[in-house]
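The file my_file.txt comes next; it holds compact mmCIF, C-alpha atoms.
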```txt
# COMPACT_ATOMS: atom_id res chain seq x y z
CA MET A 1 149.99 88.51 201.22
CA THR A 2 151.27 85.18 202.53
CA GLU A 3 148.54 82.67 203.23
CA VAL A 4 148.15 81.68 206.88
CA THR A 5 148.77 77.99 207.56
CA LYS A 6 147.39 75.61 210.14
CA GLU A 7 150.90 75.12 211.52
CA GLN A 8 151.28 78.88 212.09
CA VAL A 9 147.93 78.99 213.88
CA LEU A 10 148.89 76.13 216.19
CA GLU A 11 152.30 77.71 216.90
CA THR A 12 150.59 80.98 217.85
CA LEU A 13 148.10 79.17 220.09
CA LYS A 14 151.01 77.75 222.07
CA THR A 15 151.24 81.19 223.69
CA VAL A 16 147.85 80.62 225.35
CA ARG A 17 148.11 78.84 228.70
CA GLY A 18 145.62 76.13 229.53
CA PRO A 19 143.51 75.97 232.69
CA ASP A 20 146.31 74.17 234.56
CA LEU A 21 148.37 77.40 234.18
CA GLU A 22 151.44 75.31 233.29
CA HIS A 23 150.95 73.98 229.77
CA ASN A 24 149.56 75.64 226.66
CA ILE A 25 146.27 74.67 225.04
CA VAL A 26 147.98 72.94 222.12
CA GLU A 27 150.11 70.72 224.39
CA LEU A 28 147.00 69.85 226.37
CA GLY A 29 145.26 68.67 223.20
CA MET A 30 142.45 71.17 223.59
CA VAL A 31 142.58 72.63 220.06
CA SER A 32 140.70 70.84 217.32
CA ASP A 33 139.23 71.33 213.86
CA VAL A 34 141.43 74.17 212.60
CA PHE A 35 139.94 75.35 209.31
CA ILE A 36 141.25 78.29 207.28
CA SER A 37 139.39 80.01 204.44
CA ASP A 38 140.15 83.34 202.77
CA GLY A 39 142.30 84.53 205.67
CA LYS A 40 139.68 83.63 208.28
CA VAL A 41 140.52 81.04 210.92
CA TYR A 42 137.96 78.69 212.48
CA PHE A 43 138.61 76.25 215.31
CA SER A 44 137.18 74.93 218.56
CA ILE A 45 138.68 74.47 222.03
CA THR A 46 137.61 71.36 223.88
CA VAL A 47 136.94 71.83 227.60
CA PRO A 48 135.06 69.90 230.31
CA ALA A 49 131.32 70.53 230.09
CA GLU A 50 131.10 71.60 233.73
CA ARG A 51 133.79 74.27 233.23
CA ALA A 52 132.68 75.69 229.89
CA LYS A 53 131.31 78.96 231.28
CA GLU A 54 134.23 79.74 233.59
CA LEU A 55 136.76 79.09 230.80
CA GLU A 56 135.23 81.68 228.47
CA PRO A 57 138.24 84.04 229.07
CA LEU A 58 140.47 81.30 227.63
CA ARG A 59 138.42 81.33 224.41
CA GLN A 60 138.68 85.10 224.25
CA ALA A 61 142.46 84.97 224.70
CA ALA A 62 142.85 82.39 221.92
CA GLU A 63 140.68 84.42 219.58
CA ARG A 64 142.62 87.60 220.34
CA VAL A 65 146.07 86.16 219.55
CA ILE A 66 144.86 84.66 216.26
CA LYS A 67 143.23 87.91 215.15
CA GLU A 68 146.54 89.68 215.78
CA MET A 69 148.43 87.32 213.43
CA PRO A 70 149.68 88.92 210.18
CA GLY A 71 147.45 87.89 207.29
CA VAL A 72 144.46 86.92 209.44
CA LYS A 73 141.27 88.76 208.47
CA GLY A 74 139.12 87.30 211.23
CA ALA A 75 138.63 84.38 213.60
CA LEU A 76 135.71 82.24 214.70
CA VAL A 77 136.58 80.44 217.94
CA ALA A 78 134.31 78.70 220.42
CA LEU A 79 134.38 76.26 223.29
CA THR A 80 133.24 72.70 222.70
CA ALA A 81 132.08 70.98 225.87
CA ASP A 82 133.48 67.51 226.38
CA LYS A 83 132.93 65.68 229.65
CA LYS A 84 135.95 63.48 228.89
CA ALA A 85 138.41 66.35 228.48
CA ALA A 86 140.43 65.27 231.51
CA SER A 87 143.55 67.17 230.49
CA ALA A 88 141.68 70.45 230.82
CA SER A 89 140.01 69.65 234.12
CA ALA A 90 143.03 69.91 236.40
CA PRO A 91 142.40 72.14 239.43
CA ALA A 92 143.21 75.72 238.66
CA ALA A 93 142.52 79.18 239.96
CA ARG A 94 139.10 80.22 238.74
CA PRO A 95 139.50 82.71 235.87
CA ALA A 96 137.84 86.08 236.15
CA ALA A 97 134.17 85.98 235.28
CA ALA A 98 133.63 86.52 231.58
CA SER A 99 132.38 89.92 230.59
CA HIS A 100 130.78 88.27 227.57
CA ALA A 101 127.08 89.00 228.07
CA GLY A 102 125.84 85.86 226.41
CA HIS A 103 127.55 83.74 229.07
CA ASP A 104 126.20 85.58 232.10
CA HIS A 105 123.71 83.46 234.02
CA HIS A 106 122.06 86.59 235.26
CA GLY A 107 121.99 88.33 231.82
CA HIS A 108 121.39 92.02 232.53
CA SER A 109 118.25 93.12 230.74
CA HIS A 110 118.10 96.49 229.06
CA SER A 111 115.41 98.84 230.27
CA HIS A 112 114.33 99.39 226.68
CA ALA A 113 114.52 95.75 225.61
CA PRO A 114 112.60 92.57 226.39
CA GLN A 115 114.04 90.43 229.16
CA ALA A 116 116.18 87.64 227.77
CA GLN A 117 114.29 84.39 227.90
CA GLN A 118 115.39 81.68 230.30
CA PRO A 119 113.99 78.47 228.82
CA ARG A 120 113.87 75.09 230.48
CA SER A 121 116.79 72.68 230.45
CA GLY A 122 119.27 75.32 231.61
CA LYS A 123 119.60 77.04 228.23
CA ILE A 124 120.88 80.56 228.68
CA GLY A 125 119.00 83.31 226.89
CA VAL A 126 120.56 86.23 225.05
CA PRO A 127 120.19 89.58 226.85
CA GLY A 128 118.04 92.02 224.90
CA ILE A 129 116.24 89.36 222.82
CA GLY A 130 112.65 88.64 223.81
CA ALA A 131 112.18 85.38 221.90
CA ILE A 132 114.26 83.18 219.60
CA ILE A 133 112.32 81.05 217.11
CA ALA A 134 113.56 78.52 214.57
CA VAL A 135 112.41 78.01 211.00
CA ALA A 136 113.23 74.41 210.12
CA SER A 137 112.56 71.69 207.58
CA GLY A 138 113.08 67.96 207.53
CA LYS A 139 114.85 68.18 204.17
CA GLY A 140 116.41 70.74 201.86
CA GLY A 141 114.81 72.35 198.83
CA VAL A 142 111.44 73.23 200.36
CA GLY A 143 111.97 77.01 200.52
CA LYS A 144 112.89 77.23 204.20
CA SER A 145 115.24 80.21 203.92
CA THR A 146 112.84 82.20 201.75
CA THR A 147 110.11 81.49 204.28
CA ALA A 148 112.35 82.49 207.20
CA LEU A 149 113.24 85.84 205.64
CA ASN A 150 109.69 86.72 204.63
CA LEU A 151 108.40 85.60 208.05
CA ALA A 152 110.91 87.95 209.67
CA LEU A 153 109.67 90.76 207.44
CA GLY A 154 106.08 89.91 208.29
CA LEU A 155 106.89 90.20 212.00
CA ARG A 156 108.59 93.53 211.25
CA ASP A 157 105.40 94.76 209.56
CA LEU A 158 103.51 93.95 212.78
CA GLY A 159 105.65 96.52 214.57
CA LEU A 160 108.24 94.20 216.13
CA LYS A 161 112.01 94.66 216.26
CA VAL A 162 113.32 91.63 214.42
CA GLY A 163 116.66 89.96 213.70
CA LEU A 164 117.51 87.11 211.33
CA LEU A 165 120.29 84.59 212.03
CA ASP A 166 121.27 82.36 209.12
CA ALA A 167 122.39 79.22 210.96
CA ASP A 168 122.39 77.11 207.79
CA ILE A 169 126.17 76.79 207.88
CA TYR A 170 126.31 74.16 205.11
CA GLY A 171 124.60 76.34 202.53
CA PRO A 172 123.96 79.88 203.79
CA SER A 173 121.54 81.56 201.36
CA VAL A 174 120.55 84.68 203.30
CA PRO A 175 123.33 86.78 201.71
CA ARG A 176 121.85 86.11 198.27
CA LEU A 177 118.24 86.50 199.45
CA THR A 178 119.00 89.89 201.00
CA GLY A 179 121.59 91.15 198.51
CA LEU A 180 124.07 91.66 201.37
CA HIS A 181 127.71 90.72 200.84
CA GLU A 182 129.66 93.06 203.13
CA LYS A 183 131.78 91.80 206.01
CA PRO A 184 130.52 92.56 209.54
CA GLU A 185 132.56 95.09 211.53
CA LEU A 186 133.44 94.81 215.22
CA ASP A 187 132.24 97.15 217.95
CA GLY A 188 134.24 98.37 220.97
CA GLU A 189 133.61 95.06 222.77
CA ARG A 190 134.82 93.13 219.69
CA LYS A 191 131.36 91.82 218.97
CA MET A 192 130.25 91.56 215.36
CA ILE A 193 127.80 94.25 214.28
CA PRO A 194 124.95 92.65 212.31
CA LEU A 195 124.30 93.98 208.83
CA ARG A 196 121.02 95.83 208.37
CA ARG A 197 118.56 95.80 205.53
CA PHE A 198 114.77 95.96 205.32
CA GLY A 199 114.74 97.10 208.95
CA LEU A 200 116.20 93.77 210.10
CA ALA A 201 119.42 92.97 211.98
CA ILE A 202 120.98 90.17 209.90
CA MET A 203 123.90 87.80 210.51
CA SER A 204 125.06 84.84 208.42
CA ILE A 205 128.14 82.63 208.21
CA GLY A 206 127.94 83.54 204.52
CA PHE A 207 129.10 87.06 205.41
CA LEU A 208 132.37 85.60 206.71
CA VAL A 209 133.12 83.05 203.98
CA GLU A 210 133.14 83.56 200.22
CA GLU A 211 130.05 82.22 198.45
CA GLU A 212 131.95 79.67 196.36
CA THR A 213 133.89 78.29 199.34
CA ALA A 214 133.05 74.69 200.19
CA MET A 215 131.67 74.61 203.72
CA ILE A 216 133.25 71.59 205.38
CA TRP A 217 132.38 71.39 209.06
CA ARG A 218 133.04 68.68 211.60
CA GLY A 219 130.51 68.05 214.34
CA PRO A 220 131.99 70.16 217.16
CA MET A 221 132.45 73.15 214.86
CA VAL A 222 128.75 73.36 214.02
CA MET A 223 127.77 74.45 217.50
CA SER A 224 130.91 76.53 217.84
CA ALA A 225 130.06 78.61 214.78
CA VAL A 226 126.40 79.07 215.65
CA THR A 227 127.16 79.87 219.29
CA GLN A 228 129.50 82.65 218.25
CA MET A 229 127.03 84.08 215.73
CA LEU A 230 124.35 84.03 218.41
CA ARG A 231 126.28 85.36 221.40
CA ASP A 232 129.18 87.29 219.86
CA VAL A 233 126.92 89.56 217.82
CA ALA A 234 125.74 92.97 219.02
CA TRP A 235 122.06 92.25 218.31
CA GLY A 236 120.80 95.11 220.46
CA ALA A 237 117.17 95.16 221.59
CA LEU A 238 115.04 92.69 219.61
CA ASP A 239 111.55 91.40 220.17
CA VAL A 240 112.17 88.32 218.01
CA LEU A 241 115.25 86.65 216.51
CA VAL A 242 114.35 84.29 213.64
CA VAL A 243 116.89 81.48 213.17
CA ASP A 244 117.10 79.86 209.73
CA MET A 245 118.11 76.32 210.73
CA PRO A 246 120.10 73.85 208.59
CA PRO A 247 117.74 71.46 206.78
CA GLY A 248 117.36 67.93 208.12
CA THR A 249 117.25 66.27 211.51
CA GLY A 250 120.79 65.01 212.01
CA ASP A 251 123.30 65.63 214.80
CA ALA A 252 123.90 69.24 213.76
CA GLN A 253 120.21 70.14 213.91
CA LEU A 254 119.64 68.26 217.15
CA THR A 255 122.63 69.97 218.77
CA LEU A 256 121.32 73.37 217.73
CA ALA A 257 117.85 72.63 219.08
CA GLN A 258 119.37 71.41 222.36
CA ASN A 259 121.63 74.41 222.89
CA VAL A 260 119.92 77.45 221.37
CA PRO A 261 117.23 78.81 223.76
CA LEU A 262 114.33 78.47 221.34
CA LYS A 263 110.87 79.74 222.25
CA GLY A 264 109.33 77.75 219.41
CA ALA A 265 109.79 76.36 215.91
CA VAL A 266 108.06 76.74 212.56
CA ILE A 267 108.23 73.70 210.26
CA VAL A 268 108.28 74.27 206.49
CA SER A 269 107.08 71.48 204.19
CA THR A 270 105.70 70.95 200.71
CA PRO A 271 102.40 69.07 200.22
CA GLN A 272 103.94 65.85 198.91
CA ASP A 273 104.19 62.69 200.98
CA LEU A 274 108.02 62.47 201.02
CA SER A 275 108.39 66.01 202.35
CA LEU A 276 105.73 65.36 204.99
CA ILE A 277 107.60 62.30 206.23
CA ASP A 278 110.64 64.51 206.78
CA ALA A 279 108.48 67.19 208.41
CA ARG A 280 107.30 64.58 210.94
CA ARG A 281 110.94 63.89 211.81
CA GLY A 282 111.45 67.60 212.40
CA LEU A 283 108.44 67.74 214.69
CA ALA A 284 109.71 64.71 216.60
CA MET A 285 113.15 66.30 217.00
CA PHE A 286 111.78 69.50 218.55
CA LYS A 287 109.45 67.50 220.79
CA LYS A 288 112.45 65.49 222.00
CA VAL A 289 114.22 68.65 223.20
CA ASN A 290 111.04 70.29 224.59
CA VAL A 291 110.79 73.06 221.99
CA PRO A 292 107.16 73.97 221.20
CA VAL A 293 106.16 73.71 217.54
CA LEU A 294 104.43 76.96 216.59
CA GLY A 295 103.01 75.38 213.46
CA ILE A 296 103.50 74.02 209.95
CA VAL A 297 103.72 76.09 206.76
CA GLU A 298 102.86 74.45 203.42
CA ASN A 299 105.24 76.00 200.90
CA MET A 300 104.83 75.51 197.13
CA SER A 301 101.27 74.64 198.06
CA TYR A 302 100.02 75.14 194.51
CA PHE A 303 101.23 76.71 191.28
CA GLN A 304 99.49 79.90 190.31
CA CYS A 305 99.88 80.92 186.67
CA PRO A 306 101.17 84.52 186.55
CA HIS A 307 99.20 85.16 183.35
CA CYS A 308 95.75 83.66 183.91
CA GLY A 309 95.76 83.02 187.66
CA THR A 310 94.82 79.35 187.29
CA LYS A 311 95.90 77.16 190.22
CA SER A 312 97.52 73.75 189.69
CA ASP A 313 98.39 71.31 192.46
CA ILE A 314 101.78 70.23 191.11
CA PHE A 315 102.93 68.62 194.38
CA GLY A 316 99.48 67.73 195.62
CA HIS A 317 97.63 70.04 197.98
CA GLY A 318 96.59 70.20 201.61
CA GLY A 319 99.00 67.54 202.84
CA ALA A 320 100.64 69.81 205.42
CA ARG A 321 97.25 71.00 206.72
CA HIS A 322 96.13 67.40 207.16
CA GLU A 323 99.43 66.51 208.84
CA ALA A 324 99.10 69.44 211.25
CA GLU A 325 95.58 68.37 212.21
CA LYS A 326 96.73 64.78 212.63
CA LEU A 327 99.63 65.78 214.89
CA GLY A 328 97.71 68.41 216.81
CA VAL A 329 99.86 71.42 215.87
CA PRO A 330 98.69 74.70 214.28
CA PHE A 331 98.54 74.99 210.50
CA LEU A 332 99.94 78.44 209.71
CA GLY A 333 99.12 78.81 206.02
CA GLU A 334 99.71 77.99 202.35
CA ILE A 335 102.34 79.74 200.24
CA PRO A 336 102.01 79.27 196.47
CA LEU A 337 104.73 78.38 193.99
CA HIS A 338 104.79 81.69 192.12
CA MET A 339 107.22 83.52 189.85
CA ALA A 340 107.04 86.70 191.95
CA ILE A 341 108.31 84.94 195.09
CA ARG A 342 111.11 83.20 193.21
CA ALA A 343 112.19 86.26 191.23
CA THR A 344 112.24 88.66 194.18
CA SER A 345 114.18 86.15 196.28
CA ASP A 346 116.82 85.66 193.58
CA ALA A 347 117.14 89.43 193.19
CA GLY A 348 117.72 90.02 196.91
CA ASN A 349 114.42 91.89 197.28
CA PRO A 350 112.03 89.58 199.20
CA VAL A 351 108.39 89.82 198.20
CA VAL A 352 107.11 91.12 201.56
CA ASP A 353 109.35 94.17 201.16
CA SER A 354 109.33 94.63 197.37
CA GLU A 355 105.58 94.02 196.89
CA PRO A 356 104.12 94.92 200.30
CA ASP A 357 100.57 95.37 198.99
CA GLY A 358 100.55 92.14 196.98
CA PRO A 359 98.77 88.88 197.85
CA HIS A 360 101.94 87.00 198.74
CA ALA A 361 103.07 89.59 201.26
CA ALA A 362 99.62 89.31 202.84
CA ILE A 363 100.07 85.53 203.22
CA TYR A 364 103.42 85.91 204.97
CA ARG A 365 102.05 88.64 207.25
CA ALA A 366 99.10 86.41 208.19
CA ILE A 367 101.54 83.63 209.12
CA ALA A 368 103.62 86.13 211.09
CA GLY A 369 100.49 87.24 212.93
CA GLN A 370 99.79 83.70 214.09
CA VAL A 371 103.38 83.28 215.25
CA ARG A 372 103.22 86.64 217.06
CA ASP A 373 100.02 85.64 218.80
CA GLN A 374 101.59 82.42 220.10
CA LEU A 375 104.53 84.41 221.46
CA LYS A 376 102.38 86.88 223.40
CA GLY A 377 103.79 87.46 226.82
CA THR A 378 107.29 87.13 225.41
CA VAL A 379 107.32 89.91 222.81
CA SER A 380 105.72 93.32 222.99
CA ALA A 381 103.43 92.82 220.02
CA ALA A 382 102.11 95.91 218.34
```

Encoded form using structure tokens:
Amino acid sequence: MTEVTKEQVLETLKTVRGPDLEHNIVELGMVSDVFISDGKVYFSITVPAERAKELEPLRQAAERVIKEMPGVKGALVALTADKKAASASAPAARPAAASHAGHDHHGHSHSHAPQAQQPRSGKIGVPGIGAIIAVASGKGGVGKSTTALNLALGLRDLGLKVGLLDADIYGPSVPRLTGLHEKPELDGERKMIPLRRFGLAIMSIGFLVEEETAMIWRGPMVMSAVTQMLRDVAWGALDVLVVDMPPGTGDAQLTLAQNVPLKGAVIVSTPQDLSLIDARRGLAMFKKVNVPVLGIVENMSYFQCPHCGTKSDIFGHGGARHEAEKLGVPFLGEIPLHMAIRATSDAGNPVVDSEPDGPHAAIYRAIAGQVRDQLKGTVSAA
């Protein structure tokens, strides 16, 4: 099969008229960041911020023509708001209101699902999802994704309907942690159907791109990709959607925190001083965008010998608890550095599911219980 080229994509997009109804979106300079990997096409369309919602049909049209191209296996297209996009702001007849549920200001709630949250700052909730929470870290390598997955499973064990969104687009690890490698299918409304395992609805950019593919994203594409995975997925009725955030506190993370309607955030840190410094940055970032911090988790809190049970404080101990007390946020618990957690994660069988009666599953469920309690009034806790 002939490989699709960027030039072919741009030529096809010339068939999509811009909002001025005279020129196409390529001529208007609205298309940016075309990226092609394994037959899947990714790009963003730049529009004026004040017209982003009404121009949703334009995004849908662009996505449709690309998906119909020979050799294209899928497309990830989203609008990037740009207040300086003058070429796209010419007066034009208002397009028909988008049928895309995630862009409906009045999001119709399902009778059997929690009402979509409507947070402050004008963030639009996702119909059917009671609460969206982030699991974040100030740096990589602290076990954030493992914590996010096991937290989601802990919430499931409390009787909640839970989804997991792997928003770590630079290094998605949820496919490996869950053992899922299939490609999502589309429903009748052309929304992606999340994969299911362990009783969770799961979506990851890693399901769309091969594991060995280098993930090279420019700034505008970060929000484009996450927006589509959040709003173009048929999540169904969920009490909680857990979002595994990219590590760090740069522009990508700040943009996510500003645009995703988060009900709260869980910060993952190790006990050592350097990790705690980064955790403080994460706390400051969420405070800046008015997202409540649900608490801090100390991961790799101590090493527990699998043979004799002896505990060793390899990275120090209690630093995250002290930091939580100092900053006035809840301390959610300590997770040990243990072979069982590492081995089950690598095997795609997380410890809360594979060893539900073990001590580590109990720790994650206790953390989940504290998170659930702070979300009362938003989710229908069991």

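One finds CA of Lys263 (chain A) at 11.9 Å from CA of Asp239 (chain A).
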
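Counting from CA of Ala136 (chain A), the distance to CA of Arg280 (chain A) is 11.5 Å.
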
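Counting only C-alpha atoms, the residue from A:Asp244, A:Glu11, A:Glu27, A:Glu325 that sits nearest to Ala167 (chain A) is A:Asp244.
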
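Relative to CA of Val268 (chain A), CA of Arg321 (chain A) is found at 11.5 Å.
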
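Using all atoms listed in the file, the shortest contact distance between Pro127 (chain A) and any of A:Gly236, A:Pro356, A:Pro261, A:Gly369 is found at A:Gly236.
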
- Out of A:Ala324, A:Val126, A:Val31, A:Val26, which residue has the shortest atom-to-atom distance to Thr227 (chain A) when counting all atoms listed in the file? A:Val126

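Among the candidate residues A:Pro184, A:Ile45, A:Lys40, A:Ile66, the one lying nearest to Thr12 (chain A) is A:Ile66, with distances computed using all atoms listed in the file.
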
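Minimum atom-to-atom distances from A:Val351, A:Met245, A:Leu195, A:Leu155 to Ser173 (chain A) were compared using all atoms listed in the file, and the lowest value belongs to A:Met245.
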
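You can rank A:Ala225, A:Ile335, A:Ala152, A:Val4 by their closest distance to His360 (chain A) using all atoms listed in the file, and at the top of that list sits A:Ile335.
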
- Compile the contact shell of region 161-165 of chain A as a PyMOL selection string: residues with an atom at most 8 Å away, counting only C-alpha atoms, same-chain residues fewer than 5 positions apart removed. chain A and resi 149+152-153+155-156+199-204+229-230+235+237-244

Around all of region 161-167 of chain A's listed atoms, make the axis-aligned box with 4 Å on each side and tell me centre and edge lengths in Å to one decimal, as AutoDock Vina command-line options.
```
--center_x 117.2 --center_y 86.9 --center_z 212.7 --size_x 18.4 --size_y 23.4 --size_z 15.1
```

- Do a neighbour search on Met300 (chain A) at 8 Å with all atoms listed in the file, toss out local chain neighbours closer than 6 positions, and write the hits as number ranges by chain. A: 142, 270-271, 315, 334-338

- Task: Pick out the residues sitting within 7 Å of Gly333 (chain A), and hand them over as a PyMOL selection string; count only C-alpha atoms, and ignore anything fewer than 4 positions along from it in its own chain.
- Result: chain A and resi 297-298+367

Suppose we keep C-alpha atoms; can you now write the selection as a PDB file, keeping the file's coordinate frame?
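Final file, again-v3.pdb:
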```pdb
ATOM      1  CA  VAL A 297     103.720  76.090 206.760  1.00  0.00           C
ATOM      2  CA  GLU A 298     102.860  74.450 203.420  1.00  0.00           C
ATOM      3  CA  ILE A 367     101.540  83.630 209.120  1.00  0.00           C
TER       4      ILE A 367
END
```

- Skipping near chain neighbours, those fewer than 4 positions away, what residues fall within 12 Å of Gly264 (chain A) using only C-alpha atoms, listed as a VMD selection string? chain A and resid 117 119 131 to 136 240 to 243 257 260 283 286 to 287 289 to 296 329 371 to 372 374 to 375 378
